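**Q** My structure file start-v1.csv, CSV, C-alpha atoms, is below:
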```csv
chain,number,residue,atom,x,y,z
J,18,MET,CA,141.9,109.6,96.5
J,19,THR,CA,140.2,112.8,97.8
J,20,GLU,CA,136.6,112.3,98.9
J,21,LYS,CA,134.1,114.5,97.1
J,22,LEU,CA,132.7,117.4,99.1
J,23,ILE,CA,129.5,117.2,97.1
J,24,GLU,CA,127.8,113.9,96.2
J,25,LEU,CA,125.1,113.7,93.5
J,26,ASP,CA,122.7,110.8,93.1
J,27,ILE,CA,120.1,110.7,90.3
J,28,VAL,CA,117.2,108.2,90.5
J,29,ASP,CA,114.1,108.4,88.3
J,30,GLY,CA,114.6,112.0,87.4
J,31,VAL,CA,115.1,113.2,91.0
J,32,ALA,CA,118.6,114.4,91.9
J,33,THR,CA,119.7,114.2,95.5
J,34,LEU,CA,122.7,116.5,96.3
J,35,TRP,CA,124.5,115.8,99.5
J,36,LEU,CA,126.8,118.3,101.2
J,37,ASN,CA,129.6,116.0,102.3
J,38,ARG,CA,131.8,117.4,105.1
J,39,PRO,CA,130.0,115.7,108.0
J,40,GLU,CA,133.0,116.1,110.3
J,41,LYS,CA,132.6,119.9,109.9
J,42,ARG,CA,128.8,119.8,109.9
J,43,ASN,CA,129.0,120.6,106.2
J,44,ALA,CA,130.4,124.1,106.6
J,45,MET,CA,130.9,125.6,103.2
J,46,SER,CA,134.6,125.9,102.2
J,47,ASP,CA,135.8,127.4,99.0
J,48,ALA,CA,136.5,124.0,97.5
J,49,MET,CA,133.1,122.7,98.5
J,50,ARG,CA,131.5,125.8,96.9
J,51,THR,CA,133.3,125.1,93.7
J,52,GLU,CA,131.9,121.6,93.6
J,53,PHE,CA,128.5,122.8,94.7
J,54,ILE,CA,128.4,125.3,91.8
J,55,ALA,CA,129.4,122.6,89.3
J,56,ALA,CA,126.7,120.2,90.6
J,57,LEU,CA,124.0,122.9,90.5
J,58,GLU,CA,124.9,123.8,86.9
J,59,HIS,CA,124.7,120.1,86.0
J,60,VAL,CA,121.3,119.7,87.5
J,61,ALA,CA,120.0,122.8,85.9
J,62,ASN,CA,121.2,121.8,82.4
J,63,ASP,CA,120.3,118.1,82.5
J,64,LYS,CA,116.8,117.8,81.0
J,65,ALA,CA,116.5,114.2,82.4
J,66,ILE,CA,116.6,115.7,85.9
J,67,ARG,CA,113.2,117.0,86.9
J,68,ALA,CA,113.7,118.0,90.5
J,69,LEU,CA,116.4,118.5,93.2
J,70,VAL,CA,116.6,117.4,96.8
J,71,LEU,CA,119.4,119.1,98.8
J,72,THR,CA,120.5,117.6,102.1
J,73,GLY,CA,123.6,117.1,104.3
J,74,LYS,CA,125.6,114.1,105.3
J,75,GLY,CA,125.9,113.3,109.0
J,76,LYS,CA,124.2,115.2,111.8
J,77,GLY,CA,124.2,118.7,110.3
J,78,PHE,CA,122.6,120.3,107.2
J,79,CYS,CA,125.1,123.1,106.9
J,80,ALA,CA,127.0,125.0,109.6
J,81,GLY,CA,127.5,128.1,107.5
J,82,GLY,CA,130.8,129.5,106.3
J,83,ASP,CA,134.0,127.5,106.9
J,84,ILE,CA,136.1,128.7,109.9
J,85,ALA,CA,139.4,128.2,108.0
J,86,GLY,CA,138.1,130.8,105.5
J,87,MET,CA,137.3,133.2,108.3
J,88,GLU,CA,140.9,132.8,109.6
J,89,ARG,CA,142.4,133.5,106.2
J,90,ARG,CA,140.3,136.6,106.0
J,91,MET,CA,141.6,137.9,109.3
J,92,GLN,CA,145.2,137.2,108.2
J,93,ALA,CA,144.9,139.0,104.9
J,94,PRO,CA,146.7,142.4,104.5
J,95,ALA,CA,144.4,145.3,105.4
J,96,GLY,CA,144.5,146.6,101.9
J,97,GLU,CA,143.2,143.4,100.4
J,98,VAL,CA,140.4,142.6,102.9
J,99,GLY,CA,137.7,144.7,101.1
J,100,PHE,CA,138.3,143.3,97.6
J,101,ASN,CA,138.8,139.7,98.9
J,102,GLY,CA,135.5,140.0,100.7
J,103,TRP,CA,133.8,141.4,97.6
J,104,SER,CA,135.1,138.6,95.4
J,105,ARG,CA,133.9,136.0,97.9
J,106,GLN,CA,130.5,137.6,98.0
J,107,GLN,CA,130.2,137.2,94.2
J,108,ARG,CA,130.7,133.5,94.5
J,109,VAL,CA,128.3,133.2,97.4
J,110,HIS,CA,125.6,135.1,95.5
J,111,HIS,CA,126.3,133.1,92.3
J,112,THR,CA,125.8,129.9,94.2
J,113,GLN,CA,122.6,131.0,95.9
J,114,SER,CA,121.2,132.4,92.6
J,115,LEU,CA,121.8,129.1,90.9
J,116,LEU,CA,119.8,127.4,93.6
J,117,HIS,CA,117.0,130.0,93.7
J,118,THR,CA,116.6,130.2,90.0
J,119,MET,CA,116.9,126.4,89.3
J,120,PRO,CA,114.3,125.8,86.5
J,121,LYS,CA,112.8,122.9,88.3
J,122,PRO,CA,111.4,122.2,91.8
J,123,THR,CA,113.9,122.2,94.7
J,124,ILE,CA,113.5,120.8,98.2
J,125,ALA,CA,115.9,121.3,101.1
J,126,ALA,CA,115.8,118.2,103.3
J,127,VAL,CA,117.1,119.7,106.6
J,128,ASN,CA,118.5,116.9,108.6
J,129,GLY,CA,120.1,118.9,111.4
J,130,ALA,CA,121.4,122.3,112.2
J,131,ALA,CA,121.2,124.9,109.4
J,132,SER,CA,123.2,127.9,110.6
J,133,GLY,CA,124.0,131.2,109.0
J,134,LEU,CA,124.7,130.5,105.3
J,135,GLY,CA,123.3,127.0,105.8
J,136,ALA,CA,119.9,128.5,106.8
J,137,ASP,CA,120.0,130.9,103.9
J,138,THR,CA,120.8,127.9,101.6
J,139,ALA,CA,117.7,126.1,102.8
J,140,LEU,CA,115.6,129.2,102.1
J,141,ALA,CA,116.9,129.4,98.6
J,142,CYS,CA,115.1,126.2,97.8
J,143,ASP,CA,111.4,126.2,96.8
J,144,PHE,CA,110.4,124.0,99.7
J,145,ILE,CA,111.8,123.0,103.1
J,146,MET,CA,111.2,119.6,104.7
J,147,ALA,CA,112.7,119.4,108.2
J,148,SER,CA,113.4,116.4,110.3
J,149,ASP,CA,112.6,116.5,114.0
J,150,ALA,CA,116.4,117.1,114.6
J,151,ALA,CA,116.5,120.2,112.4
J,152,SER,CA,117.1,123.7,113.6
J,153,PHE,CA,117.6,127.1,111.9
J,154,THR,CA,119.8,129.9,113.1
J,155,TRP,CA,120.5,133.2,111.4
J,156,SER,CA,123.6,133.7,113.6
J,157,TYR,CA,125.5,136.3,111.5
J,158,ILE,CA,124.9,138.9,114.2
J,159,ASN,CA,127.2,136.9,116.6
J,160,ARG,CA,130.1,137.5,114.2
J,161,GLY,CA,129.3,141.1,113.6
J,162,ILE,CA,128.0,140.6,110.0
J,163,ILE,CA,124.7,140.5,108.2
J,164,PRO,CA,123.0,137.6,106.3
J,165,ASP,CA,124.8,137.4,103.0
J,166,GLY,CA,123.3,134.2,101.5
J,167,GLY,CA,119.9,135.7,100.7
J,168,GLY,CA,118.4,135.5,104.1
J,169,MET,CA,117.3,139.2,104.1
J,170,TYR,CA,115.4,138.5,100.9
J,171,PHE,CA,114.0,135.0,101.5
J,172,LEU,CA,113.2,135.1,105.3
J,173,PRO,CA,110.7,138.0,105.3
J,174,ARG,CA,108.9,136.3,102.4
J,175,ARG,CA,108.3,133.3,104.6
J,176,VAL,CA,107.7,134.8,108.1
J,177,GLY,CA,107.0,138.5,107.5
J,178,LEU,CA,109.2,141.5,108.0
J,179,THR,CA,108.9,141.9,111.8
J,180,LYS,CA,109.6,138.2,112.6
J,181,ALA,CA,112.5,138.2,110.2
J,182,LYS,CA,114.0,141.2,112.0
J,183,GLU,CA,113.6,139.4,115.3
J,184,LEU,CA,115.3,136.2,114.1
J,185,ILE,CA,118.2,138.1,112.4
J,186,PHE,CA,118.8,140.6,115.1
J,187,SER,CA,118.7,138.0,117.9
J,188,GLY,CA,120.5,135.2,116.1
J,189,ARG,CA,118.5,132.8,118.2
J,190,LYS,CA,117.9,129.1,117.3
J,191,VAL,CA,114.6,128.0,115.8
J,192,GLU,CA,113.8,124.3,116.5
J,193,ALA,CA,111.9,122.2,114.0
J,194,GLU,CA,108.4,122.6,115.6
J,195,GLU,CA,108.7,126.4,115.7
J,196,ALA,CA,110.1,126.5,112.2
J,197,LEU,CA,107.0,124.6,111.0
J,198,ARG,CA,104.7,127.0,112.9
J,199,LEU,CA,106.4,130.1,111.6
J,200,GLY,CA,106.4,128.9,108.0
J,201,ILE,CA,110.2,128.5,107.7
J,202,ALA,CA,109.7,124.8,107.2
J,203,ASP,CA,106.8,123.4,105.1
J,204,ARG,CA,106.7,119.9,106.4
J,205,LYS,CA,108.3,118.1,109.4
J,206,VAL,CA,109.0,114.4,109.3
J,207,ASP,CA,111.0,111.7,111.3
J,208,ALA,CA,114.7,111.9,110.7
J,209,ASP,CA,114.9,108.3,109.5
J,210,SER,CA,112.5,108.9,106.6
J,211,LEU,CA,113.5,112.5,105.7
J,212,VAL,CA,115.4,112.0,102.5
J,213,ALA,CA,113.0,109.3,101.2
J,214,GLN,CA,110.0,111.5,101.9
J,215,ALA,CA,111.7,114.6,100.3
J,216,GLN,CA,112.5,112.5,97.2
J,217,ARG,CA,108.9,111.4,96.9
J,218,TRP,CA,107.7,115.0,97.4
J,219,ALA,CA,110.2,116.1,94.7
J,220,ALA,CA,108.8,113.5,92.3
J,221,GLU,CA,105.2,114.7,93.0
J,222,MET,CA,106.2,118.3,92.4
J,223,SER,CA,107.9,117.5,89.1
J,224,HIS,CA,105.2,115.4,87.4
J,225,GLY,CA,103.9,118.3,85.3
J,226,SER,CA,105.2,120.0,82.2
J,227,ALA,CA,108.9,120.9,82.7
J,228,THR,CA,108.3,123.9,80.4
J,229,ALA,CA,105.4,125.2,82.5
J,230,LEU,CA,107.2,124.5,85.8
J,231,ALA,CA,110.3,126.5,84.7
J,232,LEU,CA,108.4,129.4,83.3
J,233,GLY,CA,105.9,129.6,86.2
J,234,LYS,CA,108.7,129.4,88.8
J,235,THR,CA,110.6,132.3,87.0
J,236,ILE,CA,107.6,134.5,87.3
J,237,LEU,CA,106.6,133.5,90.8
J,238,ASN,CA,110.1,134.2,92.1
J,239,GLN,CA,109.6,137.9,91.0
J,240,SER,CA,105.9,138.2,91.9
J,241,PHE,CA,106.4,140.3,95.1
J,242,GLU,CA,108.5,142.8,93.2
J,243,LEU,CA,106.3,143.1,90.0
J,244,SER,CA,103.1,144.9,89.5
J,245,ALA,CA,100.0,143.0,88.4
J,246,HIS,CA,100.4,144.4,84.9
J,247,GLN,CA,104.0,143.1,84.8
J,248,VAL,CA,103.0,139.6,86.0
J,249,PHE,CA,100.2,139.5,83.4
J,250,ALA,CA,102.7,140.6,80.7
J,251,GLN,CA,105.3,138.0,81.6
J,252,GLY,CA,102.5,135.4,82.0
J,253,SER,CA,101.2,136.0,78.5
J,254,GLN,CA,104.7,135.6,77.0
J,255,ALA,CA,105.3,132.5,79.0
J,256,GLN,CA,101.9,131.1,78.0
J,257,GLY,CA,102.7,131.6,74.4
J,258,ILE,CA,105.8,129.4,74.9
J,259,CYS,CA,103.7,126.8,76.7
J,260,TYR,CA,101.2,126.7,73.8
J,261,THR,CA,104.1,125.6,71.5
J,262,SER,CA,105.5,122.9,73.9
J,263,THR,CA,105.4,119.2,73.2
J,264,GLU,CA,103.9,118.6,76.7
J,265,HIS,CA,101.0,120.9,76.1
J,266,ARG,CA,100.2,119.5,72.7
J,267,GLU,CA,100.4,115.9,73.8
J,268,SER,CA,98.3,116.5,76.9
J,269,VAL,CA,95.6,118.4,75.0
J,270,MET,CA,95.4,115.8,72.2
J,271,ALA,CA,95.1,113.0,74.8
J,272,PHE,CA,92.4,114.9,76.7
J,273,LEU,CA,90.4,115.6,73.5
J,274,ALA,CA,90.7,112.0,72.4
J,275,LYS,CA,89.5,110.8,75.8
J,276,THR,CA,86.5,113.1,76.0
J,277,ALA,CA,85.4,113.0,72.3
J,278,ALA,CA,81.7,112.2,72.1
J,279,PRO,CA,81.0,108.9,70.4
J,280,ALA,CA,79.5,109.0,66.9
J,281,ALA,CA,75.8,109.3,66.8
J,282,LYS,CA,73.9,106.1,66.0
J,283,GLU,CA,71.4,106.1,63.2
```
Would you give me this structure, written as structure tokens?
**A**
Amino acid sequence: MTEKLIELDIVDGVATLWLNRPEKRNAMSDAMRTEFIAALEHVANDKAIRALVLTGKGKGFCAGGDIAGMERRMQAPAGEVGFNGWSRQQRVHHTQSLLHTMPKPTIAAVNGAASGLGADTALACDFIMASDAASFTWSYINRGIIPDGGGMYFLPRRVGLTKAKELIFSGRKVEAEEALRLGIADRKVDADSLVAQAQRWAAEMSHGSATALALGKTILNQSFELSAHQVFAQGSQAQGICYTSTEHRESVMAFLAKTAAPAAKE
């Protein structure tokens, strides 16, 4: 029986998604991407799942694109290279978009090297928790290509434009401590407790209204591109939806009942 390239565990509303090619440092093959897409769609659509933790089996988080895929690209007829590349990019971008727009909190628990597409995949999550063994490398330049997994969008928003250029142009490795200092990682923990701490953090981030979390995240993801007027407009529409949600009604009624003044005594 073929071992799954993606493993998904769900406990108490927190899904933990494991990239499962440890012998390849979890490099993303076409088959793995297919399973990854299916798992992300499942997590997004399952209302019982309130948050997602993404991590890797073995010593690496994700080594980027699969070498076998690169070899096939080199062997393709010249007239097919462009379209094959375009088609692959559509799947890469679909995968990254599913992760970035996930309507619930997401945490990348980076257990080892996150290189190229692996580093971009971590950035596509809302939060990054790094173990002391983690590292990040936007190494595309070493293969004569540019970041294609969202790194040119996500990285400047975390570290600023100039630092993002330096990391992408040099392709140098960023160890866990520097990643924390630069704002690439949000927290750094011991390797042994990484996944457990990421799961606890995911539970904390998902305690609130699922409706408010999904709508708020959708607007926040666009906030650097929108004007204040547009944020206010989208916010007022989202708030109208929140007003009708079961979570809002139940929380307000409970608050009013708790704070209601006792009846005056005669």
**Q** Within 8 Å of range 108-128 of chain J, which residues of range 156-254 of chain J come that close, and what is the closest atom pair and distance in Å for each? Count only C-alpha atoms and give it as a Markdown table.
**A**
```
| residue | atom | partner | partner_atom | distance |
| --- | --- | --- | --- | --- |
| J:Asp165 | CA | J:Val109 | CA | 7.8 |
| J:Gly166 | CA | J:Gln113 | CA | 6.5 |
| J:Gly167 | CA | J:Gln113 | CA | 7.2 |
| J:Ala208 | CA | J:Asn128 | CA | 6.6 |
| J:Leu211 | CA | J:Ala126 | CA | 6.6 |
| J:Val212 | CA | J:Ala126 | CA | 6.3 |
| J:Ala215 | CA | J:Ala126 | CA | 6.2 |
| J:Ala219 | CA | J:Ile124 | CA | 6.7 |
| J:Met222 | CA | J:Pro122 | CA | 6.5 |
| J:Ser223 | CA | J:Pro122 | CA | 6.5 |
| J:Ala227 | CA | J:Lys121 | CA | 7.1 |
| J:Leu230 | CA | J:Lys121 | CA | 6.3 |
| J:Ala231 | CA | J:Pro120 | CA | 4.4 |
| J:Leu232 | CA | J:Pro120 | CA | 7.6 |
| J:Lys234 | CA | J:Pro120 | CA | 7.0 |
| J:Thr235 | CA | J:Thr118 | CA | 7.0 |
| J:Asn238 | CA | J:Thr118 | CA | 7.9 |
```
**Q** Mind giving me the straight-line distance from CA of Leu172 in chain J to CA of Leu57 in chain J in Å, one decimal?
**A**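 According to the coordinates, CA of Leu172 in chain J and CA of Leu57 in chain J are separated by 22.0 Å.
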**Q** Counting all atoms listed in the file, figure out which residue out of J:Ala277, J:Gln216, J:Pro39, J:Ile201 gets nearest to Asp26 in chain J.
**A**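 Between J:Ala277, J:Gln216, J:Pro39, J:Ile201, the residue approaching Asp26 in chain J most closely is J:Gln216.
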**Q** Report as a ChimeraX atom specification all protein, DNA and RNA residues lying within 7 Å of Trp35 in chain J, evaluated on all atoms listed in the file, omitting residues in the same chain fewer than 3 positions from it.
**A** /J:23-25,71-74
**Q** Identify the residues within 12 Å of coordinate (115.3, 136.7, 111.9) (same frame as the file), considering all atoms listed in the file, and give the answer as a PyMOL selection string.
**A** chain J and resi 132-133+136-137+153-158+163-164+168-191+196+199+201
**Q** One decimal, in Å: what's the spacing between CA of Arg198 in chain J and CA of Ser240 in chain J?
**A** 23.8 Å
